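J.: To start, I am sharing the structure in question, which I have written as structure tokens.
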Amino acid sequence: MPKGNFDRDPLDDVLRPPLDETNEERSIRLRTEEKAKRVSDAIDEALRQERQAARKKDVVRLLLLGQSESGKSTTLKQFQRLYTPTAFREERHLWRSVIQLNLVRSIRLIVDTISEVHRSAILSEDESDGEEEFQLSDKLLAITDRLKPLRHIENILVTKLVPPNEAEATSLGSRPDIISSSQSRKDQEIFVRPGKGWHGTLLRGARSFRPTSAGSTGLETPDDAQCVLDSCRPDMIALWRNPTVRAILQRRKVRLEELPGFYLNDLERMTSLKYVPSDDDVLKARLKTVGVCEYKFHLEASAGSESGTEWRIIDVGGSRSQRRPFPFPTWAQFFDAVNAILFLAPISGFDQALAEDRSVNRLEDSVLLWKSVCSNKLLANVELVLFLNKCDLLDAKLKSGIRLAKYVRSFGDRSNDLDTATKYFRGKFSAILREHSPHPRKFYGFCTSVTDTSTTAGILAIVRDIVVREHLRKTRLL
Ligand SMILES: Nc1nc2c(ncn2[C@@H]2O[C@H](COP(=O)(O)OP(=O)(O)OP(=O)(O)O)[C@@H](O)[C@H]2O)c(=O)[nH]1
Ligand SMILES: [Mg+2]
């Protein structure tokens with residue numbers, strides 16, 4: 001093998017000054033090199049400034065805040081549906097496994113409840129402590145028996161969707177007290193975790209929001225879960241329509257329609273082998289967020305005239321464990337980079353406790369969180385937009401006879417209707433902003449149902465204008 005001189009760098013040979021260089025030649029060479037360096041440094045600096053200016057000028061940042069289940073991720077989906085419709089449509093099928101699991105869990109909740117009633121009826125055959133008055137027909141018991149294999153599908157879906165060894169998982173839905181089995185992996189609420197941690201995600205920059213945990217499914221049409229749902233269709237429909245089932249749920253104050261991920265009124269369509277989620281189905285799907293998602297997009301040309309500006313919407317997990325230490329010091333480091341905060345307060349939760357802490361009322365938690373956002377000095381120059389969300393559920397609750405004044409005593413003897421209630425809440429939330437904001441700030445408050453596509457489109461257009469206006473004001477000040 002020929003030996004070569006591998007110690008010598010061939011570039012050295014080229015760049016090394018000639019050995020016979022005169023003094024005059026040397027000074028000319030040094031001047032030329034210095035000039036070249038100055039030009040190169042100037043180009044580098046210009047590029048740096050350009051990059052910085054681009055960051056400041058053409059990037060609009062909107063941060064979504066609010067307690068868990070307040071509707072942050074749903075609002076993000078609405079932005080996607082409206083402003084990047086092609087991408088939203090392409091991702092619809094990815095949600096099918098999440099929707100299947102939401103659906104199967106609603107059925108399990110009913111089956112577990114019926115089984116519990118049946119068990120307690122057998123245990124206290126001679127006593128009549130109220131619940132035994134429900135006559136569970138053989139037909140109904142046979143239906144619940146036939147639906148028990150759905151548990152298997154639930155386990156398969158959970159395994160598919162929930163990463164193993166995850167600590168951050170809450171109980172199923174808002175009524176963990178009904179779940180008879182002890183807390184286990186199958187009772188976990190499914191969630192999306194973007195990247196390894198929110199710092200990393202945010203600092204690394206853009207990350208397209210996808211239901212990553214649902215990402216590998218859906219394309220295979222139909223999948224196993226859908227085949228089982230198809231075969232269980234008659235029993236699921238019979239179960240949900242059964243008057244005894246409805247009476248038991250009512251007696252136990254289980255209002256399934258108000259729980260996230262409720263699809264039982266659409267069983268016929270959703271159990272079809274050819275089922276593909278509609279826009280509305282995707283908006284209703286419940287997938288808890290853990291960590292921080294930054295969704296980066298340019299408005300598609302078809303979606304509006306401001307295409308070109310880059311938008312970043314930051315969606316955070318809202319459960320208490322995500323806000324610790326209370327309320328949100330760990331989020332503070334990116335507060336100054338945002339143009340506006342969209343705060344969601346689900347006002348239908350006035351009679352509900354937090355899923356993660358049954359001792360805390362949801363409305364009270366929202367009010368405290370809003371107060372800390374309003375008074376936070378780091379956010380003093382950030383526009384705050386408030387969504388009094390889940391107005392559809394609030395309306396249904398008030399119409400069903402639940403009295404707001406029983407839970408919010410200061411509501412007094414006002415009329416128990418949606419209009420009066422939302423006016424009252426608007427007044428309360430705007431007073432908190434007035435009282436606690438470090439400088440006077442305009443109050444932007446909207447009554448919303450962010451799952452509703454028709455009403456939300458107009459409101460998001462107004463929010464877009466507020467955010468853009470604030471962005472222009474900031475860039476003029478720079
Ligand atoms: N009926 C109704 N349901 C809503 C509304 N807003 C959100 N939801 C549903 O409530 C559930 C929770 O909404 P998400 O958007 O996942 O809540 P989130 O604030 O992102 O919650 P975390 O990720 O846990 O912080 C979903 O199933 C939504 O479809 C609303 O205005 N009305
Ligand atoms: Mg979320």
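Following the order of the structure tokens, first chain is A, next is B, and so on, with residues numbered from 1 inside each chain and ligands from 1 in the order they appear.
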Return as a compact mmCIF listing (two decimals) with N, CA and C atoms, in the first residue's frame the residues of protein, DNA or RNA that approach ligand 2 to within 7 Å, with only C-alpha atoms and all ligand atoms taken into account.
T.:
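Written output follows (part10.txt):
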```
# COMPACT_ATOMS: atom_id res chain seq x y z
N SER A 68 -58.09 23.07 32.10
CA SER A 68 -58.26 21.87 31.28
C SER A 68 -59.72 21.76 30.85
N GLU A 69 -59.94 21.30 29.62
CA GLU A 69 -61.28 21.15 29.03
C GLU A 69 -61.97 22.48 28.77
N GLY A 71 -61.41 24.38 26.18
CA GLY A 71 -61.65 24.54 24.74
C GLY A 71 -60.48 25.15 23.98
N LYS A 72 -59.29 25.15 24.57
CA LYS A 72 -58.11 25.74 23.89
C LYS A 72 -57.78 25.00 22.60
N SER A 73 -57.62 23.68 22.72
CA SER A 73 -57.24 22.91 21.52
C SER A 73 -58.36 22.95 20.48
N LEU A 287 -59.02 15.16 23.21
CA LEU A 287 -57.66 14.68 23.34
C LEU A 287 -56.92 15.70 24.18
N LYS A 288 -56.65 15.31 25.40
CA LYS A 288 -56.03 16.25 26.34
C LYS A 288 -54.62 16.64 25.89
N THR A 289 -54.27 17.90 26.12
CA THR A 289 -52.92 18.36 25.77
C THR A 289 -52.02 18.27 27.01
N ASP A 315 -50.56 26.49 22.22
CA ASP A 315 -51.62 25.81 22.97
C ASP A 315 -50.96 25.05 24.11
N VAL A 316 -51.41 25.31 25.32
CA VAL A 316 -50.78 24.67 26.47
C VAL A 316 -51.76 23.72 27.16
N GLY A 317 -51.21 22.74 27.86
CA GLY A 317 -52.07 21.87 28.67
C GLY A 317 -52.56 22.68 29.86
N GLY A 318 -53.85 22.59 30.17
CA GLY A 318 -54.41 23.49 31.19
C GLY A 318 -54.68 22.86 32.54
```
J.: Grab me every residue within 9 Å of ligand 1, counting only C-alpha atoms and all ligand atoms, and send it over as JSON, numbers by chain.
T.: {"A": [64, 65, 66, 67, 68, 69, 70, 71, 72, 73, 74, 75, 76, 77, 102, 191, 192, 257, 258, 259, 260, 261, 262, 280, 281, 282, 283, 284, 285, 286, 287, 288, 289, 290, 291, 315, 316, 317, 318, 319, 322, 344, 346, 348, 388, 389, 390, 391, 392, 393, 394, 448, 449, 450, 451, 452]}
J.: Take the residues from that selection and put them in a file with C-alpha atoms, as a compact mmCIF listing (two decimals), in the first residue's frame.
T.:
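After the write, selection_13.txt holds the following:
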```
# COMPACT_ATOMS: atom_id res chain seq x y z
CA LEU A 64 -54.22 30.09 24.36
CA LEU A 65 -54.80 29.89 28.10
CA GLY A 66 -57.49 28.42 30.33
CA GLN A 67 -58.16 25.44 32.58
CA SER A 68 -58.26 21.87 31.28
CA GLU A 69 -61.28 21.15 29.03
CA SER A 70 -61.87 24.88 28.54
CA GLY A 71 -61.65 24.54 24.74
CA LYS A 72 -58.11 25.74 23.89
CA SER A 73 -57.24 22.91 21.52
CA THR A 74 -60.72 23.12 19.99
CA THR A 75 -60.13 26.82 19.29
CA LEU A 76 -56.81 25.90 17.69
CA LYS A 77 -58.64 23.37 15.51
CA ASN A 102 -64.34 8.67 23.07
CA PHE A 191 -53.52 13.03 25.51
CA VAL A 192 -51.08 14.49 23.03
CA GLU A 257 -74.30 14.99 26.63
CA GLU A 258 -72.23 17.50 28.59
CA LEU A 259 -69.12 15.36 28.80
CA PRO A 260 -66.33 15.93 26.30
CA GLY A 261 -66.24 13.50 23.41
CA PHE A 262 -69.99 12.77 23.33
CA ASP A 280 -67.82 18.74 13.58
CA ASP A 281 -66.67 15.31 14.80
CA VAL A 282 -63.05 16.47 14.91
CA LEU A 283 -64.03 19.60 16.84
CA LYS A 284 -65.89 17.49 19.38
CA ALA A 285 -63.08 14.96 19.87
CA ARG A 286 -61.43 15.06 23.26
CA LEU A 287 -57.66 14.68 23.34
CA LYS A 288 -56.03 16.25 26.34
CA THR A 289 -52.92 18.36 25.77
CA VAL A 290 -49.84 17.77 27.87
CA GLY A 291 -47.01 20.27 27.50
CA ASP A 315 -51.62 25.81 22.97
CA VAL A 316 -50.78 24.67 26.47
CA GLY A 317 -52.07 21.87 28.67
CA GLY A 318 -54.41 23.49 31.19
CA SER A 319 -54.73 20.93 33.98
CA GLN A 322 -49.40 21.59 34.08
CA LEU A 344 -61.03 30.53 27.66
CA PRO A 346 -65.94 27.58 30.27
CA SER A 348 -71.04 26.10 31.90
CA LEU A 388 -66.83 32.89 27.88
CA ASN A 389 -67.00 29.43 26.35
CA LYS A 390 -69.40 26.49 26.30
CA CYS A 391 -72.40 28.80 26.12
CA ASP A 392 -74.35 26.01 24.37
CA LEU A 393 -73.93 23.80 27.44
CA LEU A 394 -74.72 26.70 29.76
CA THR A 448 -68.71 31.42 22.49
CA SER A 449 -69.37 27.78 21.77
CA VAL A 450 -66.14 26.96 20.00
CA THR A 451 -67.40 23.59 18.79
CA ASP A 452 -69.96 25.48 16.69
```
J.: For A:Ile122, which residue out of A:Glu154, A:Thr159, A:Ser40, A:Leu136 is the nearest one, using only C-alpha atoms?
T.: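 The closest residue to A:Ile122 is A:Leu136.
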J.: Would you mind telling me which residue in A:Ala36, A:Cys374, A:Val245, A:Leu141 lies nearest to A:Arg434 when using only C-alpha atoms?
T.: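 The closest residue to A:Arg434 is A:Cys374.
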J.: With only C-alpha atoms as the atoms that count, which of A:Glu45, A:Phe387, A:Glu21, A:Ile432 lies nearest to A:Thr456?
T.: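 Nearest to A:Thr456: A:Phe387.
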J.: Nearest residue to A:Leu299 out of A:Ala87, A:Ile237, A:Ile107, A:Leu384, using only C-alpha atoms?
T.: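 The closest residue to A:Leu299 is A:Ala87.
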J.: Write out as number ranges by chain the residues lying within 10 Å of A:Gln226, counting only C-alpha atoms and excluding same-chain residues fewer than 5 positions away.
T.: A: 96-97, 100, 153, 218, 221, 231-232, 270-275
J.: If we count only C-alpha atoms and set the cut-off at 12 Å, which residues sit around A:Gln80, ignoring sequence neighbours fewer than 5 positions away in its own chain? Please answer as number ranges by chain.
T.: A: 73-75, 85-92, 208-210, 279, 282-283, 295-300, 303, 311-313, 453, 457, 460
J.: When distances are computed from only C-alpha atoms, which of A:Asp20, A:Thr144, A:Thr113, A:Arg233 shows the smallest separation from A:Ala247?
T.: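 So, comparing all the options, the nearest one is A:Thr113.
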J.: Counting only C-alpha atoms, what are the residues of stretch 340-369 of chain A within 10 Å of stretch 406-420 of chain A, and for each of them which pair of atoms is the nearest and at what distance in Å, to one decimal? Sort the table by chain and rising number, as JSON lines.
T.:
```
{"residue": "A:Phe350", "atom": "CA", "partner": "A:Tyr407", "partner_atom": "CA", "distance": 6.6}
{"residue": "A:Asp351", "atom": "CA", "partner": "A:Tyr407", "partner_atom": "CA", "distance": 6.3}
{"residue": "A:Gln352", "atom": "CA", "partner": "A:Tyr407", "partner_atom": "CA", "distance": 9.7}
{"residue": "A:Asn361", "atom": "CA", "partner": "A:Tyr407", "partner_atom": "CA", "distance": 9.6}
{"residue": "A:Leu363", "atom": "CA", "partner": "A:Val408", "partner_atom": "CA", "distance": 9.3}
{"residue": "A:Glu364", "atom": "CA", "partner": "A:Val408", "partner_atom": "CA", "distance": 9.7}
```
J.: With C-alpha atoms retained, export the selected residues as a JSON list (two decimals), in the first residue's frame.
T.:
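Result went into out-v4.json, see below:
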```json
[["chain", "number", "residue", "atom", "x", "y", "z"],
["A", 350, "PHE", "CA", -70.40, 26.60, 37.43],
["A", 351, "ASP", "CA", -71.78, 23.39, 39.00],
["A", 352, "GLN", "CA", -68.79, 21.14, 38.25],
["A", 361, "ASN", "CA", -65.13, 24.40, 41.48],
["A", 363, "LEU", "CA", -65.82, 28.44, 37.60],
["A", 364, "GLU", "CA", -63.88, 29.53, 40.65]]
```
J.: Using DSSP on the backbone, list every residue of stretch 223-450 of chain A that comes out as helix (DSSP H, G or I), and give them as a PyMOL selection string.
T.: chain A and resi 224-241+243-251+256-258+264-270+279-284+301-303+320-323+329-337+347-351+362-375+377-379+391-399+404-407+409-411+418-436
J.: Which residues, written as a list in words, have at least one atom at most 12 Å from A:Lys148, with only C-alpha atoms counted and residues fewer than 5 positions away on the same chain left out?
T.: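 After dropping sequence-adjacent residues, the list is Val104, Arg105, Ile107, Arg108, Leu109, Ile110, Val111, Asp112, Ile114, Ser115, Leu141, Ala142, Ile143, Ile153, Glu154, Val228, Cys232, Asp235 and Met236 of chain A.
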J.: Write a file of the just-selected residues containing N, CA and C atoms, as a PDB file, in the first residue's frame.
T.:
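Generated output (selection-v9.pdb):
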```
ATOM      1  N   VAL A 104     -66.433   4.650  22.605  1.00  0.00           N
ATOM      2  CA  VAL A 104     -66.422   3.397  23.357  1.00  0.00           C
ATOM      3  C   VAL A 104     -66.462   3.668  24.859  1.00  0.00           C
ATOM      4  N   ARG A 105     -65.808   4.757  25.267  1.00  0.00           N
ATOM      5  CA  ARG A 105     -65.799   5.076  26.703  1.00  0.00           C
ATOM      6  C   ARG A 105     -67.162   5.549  27.191  1.00  0.00           C
ATOM      7  N   ILE A 107     -69.944   4.400  26.071  1.00  0.00           N
ATOM      8  CA  ILE A 107     -70.714   3.156  26.193  1.00  0.00           C
ATOM      9  C   ILE A 107     -70.290   2.414  27.460  1.00  0.00           C
ATOM     10  N   ARG A 108     -68.988   2.385  27.721  1.00  0.00           N
ATOM     11  CA  ARG A 108     -68.524   1.673  28.930  1.00  0.00           C
ATOM     12  C   ARG A 108     -69.083   2.317  30.194  1.00  0.00           C
ATOM     13  N   LEU A 109     -69.144   3.647  30.163  1.00  0.00           N
ATOM     14  CA  LEU A 109     -69.671   4.334  31.325  1.00  0.00           C
ATOM     15  C   LEU A 109     -71.111   3.872  31.602  1.00  0.00           C
ATOM     16  N   ILE A 110     -71.907   3.735  30.544  1.00  0.00           N
ATOM     17  CA  ILE A 110     -73.295   3.290  30.720  1.00  0.00           C
ATOM     18  C   ILE A 110     -73.317   1.828  31.188  1.00  0.00           C
ATOM     19  N   VAL A 111     -72.511   0.978  30.522  1.00  0.00           N
ATOM     20  CA  VAL A 111     -72.517  -0.447  30.866  1.00  0.00           C
ATOM     21  C   VAL A 111     -72.085  -0.634  32.326  1.00  0.00           C
ATOM     22  N   ASP A 112     -71.037   0.114  32.744  1.00  0.00           N
ATOM     23  CA  ASP A 112     -70.579   0.023  34.144  1.00  0.00           C
ATOM     24  C   ASP A 112     -71.675   0.469  35.110  1.00  0.00           C
ATOM     25  N   ILE A 114     -74.940   0.415  34.632  1.00  0.00           N
ATOM     26  CA  ILE A 114     -76.019  -0.590  34.678  1.00  0.00           C
ATOM     27  C   ILE A 114     -75.564  -1.803  35.494  1.00  0.00           C
ATOM     28  N   SER A 115     -74.320  -2.214  35.290  1.00  0.00           N
ATOM     29  CA  SER A 115     -73.805  -3.374  36.040  1.00  0.00           C
ATOM     30  C   SER A 115     -73.817  -3.084  37.533  1.00  0.00           C
ATOM     31  N   LEU A 141     -80.162  -6.458  30.173  1.00  0.00           N
ATOM     32  CA  LEU A 141     -78.958  -7.111  30.704  1.00  0.00           C
ATOM     33  C   LEU A 141     -78.222  -7.875  29.605  1.00  0.00           C
ATOM     34  N   ALA A 142     -78.974  -8.441  28.688  1.00  0.00           N
ATOM     35  CA  ALA A 142     -78.333  -9.166  27.573  1.00  0.00           C
ATOM     36  C   ALA A 142     -77.571  -8.188  26.685  1.00  0.00           C
ATOM     37  N   ILE A 143     -78.158  -7.006  26.488  1.00  0.00           N
ATOM     38  CA  ILE A 143     -77.456  -5.990  25.663  1.00  0.00           C
ATOM     39  C   ILE A 143     -76.133  -5.612  26.326  1.00  0.00           C
ATOM     40  N   ILE A 153     -61.693  -3.607  22.777  1.00  0.00           N
ATOM     41  CA  ILE A 153     -61.397  -2.566  21.774  1.00  0.00           C
ATOM     42  C   ILE A 153     -60.860  -1.317  22.468  1.00  0.00           C
ATOM     43  N   GLU A 154     -61.442  -1.012  23.624  1.00  0.00           N
ATOM     44  CA  GLU A 154     -60.970   0.151  24.379  1.00  0.00           C
ATOM     45  C   GLU A 154     -59.491  -0.021  24.751  1.00  0.00           C
ATOM     46  N   VAL A 228     -65.653  -3.781  14.768  1.00  0.00           N
ATOM     47  CA  VAL A 228     -66.368  -4.159  15.998  1.00  0.00           C
ATOM     48  C   VAL A 228     -67.505  -3.160  16.262  1.00  0.00           C
ATOM     49  N   CYS A 232     -71.473  -3.940  16.664  1.00  0.00           N
ATOM     50  CA  CYS A 232     -72.179  -3.616  17.922  1.00  0.00           C
ATOM     51  C   CYS A 232     -73.242  -2.531  17.738  1.00  0.00           C
ATOM     52  N   ASP A 235     -76.874  -2.933  19.243  1.00  0.00           N
ATOM     53  CA  ASP A 235     -76.895  -2.958  20.716  1.00  0.00           C
ATOM     54  C   ASP A 235     -76.577  -1.591  21.306  1.00  0.00           C
ATOM     55  N   MET A 236     -75.639  -0.887  20.716  1.00  0.00           N
ATOM     56  CA  MET A 236     -75.287   0.444  21.258  1.00  0.00           C
ATOM     57  C   MET A 236     -76.478   1.398  21.117  1.00  0.00           C
TER      58      MET A 236
END
```
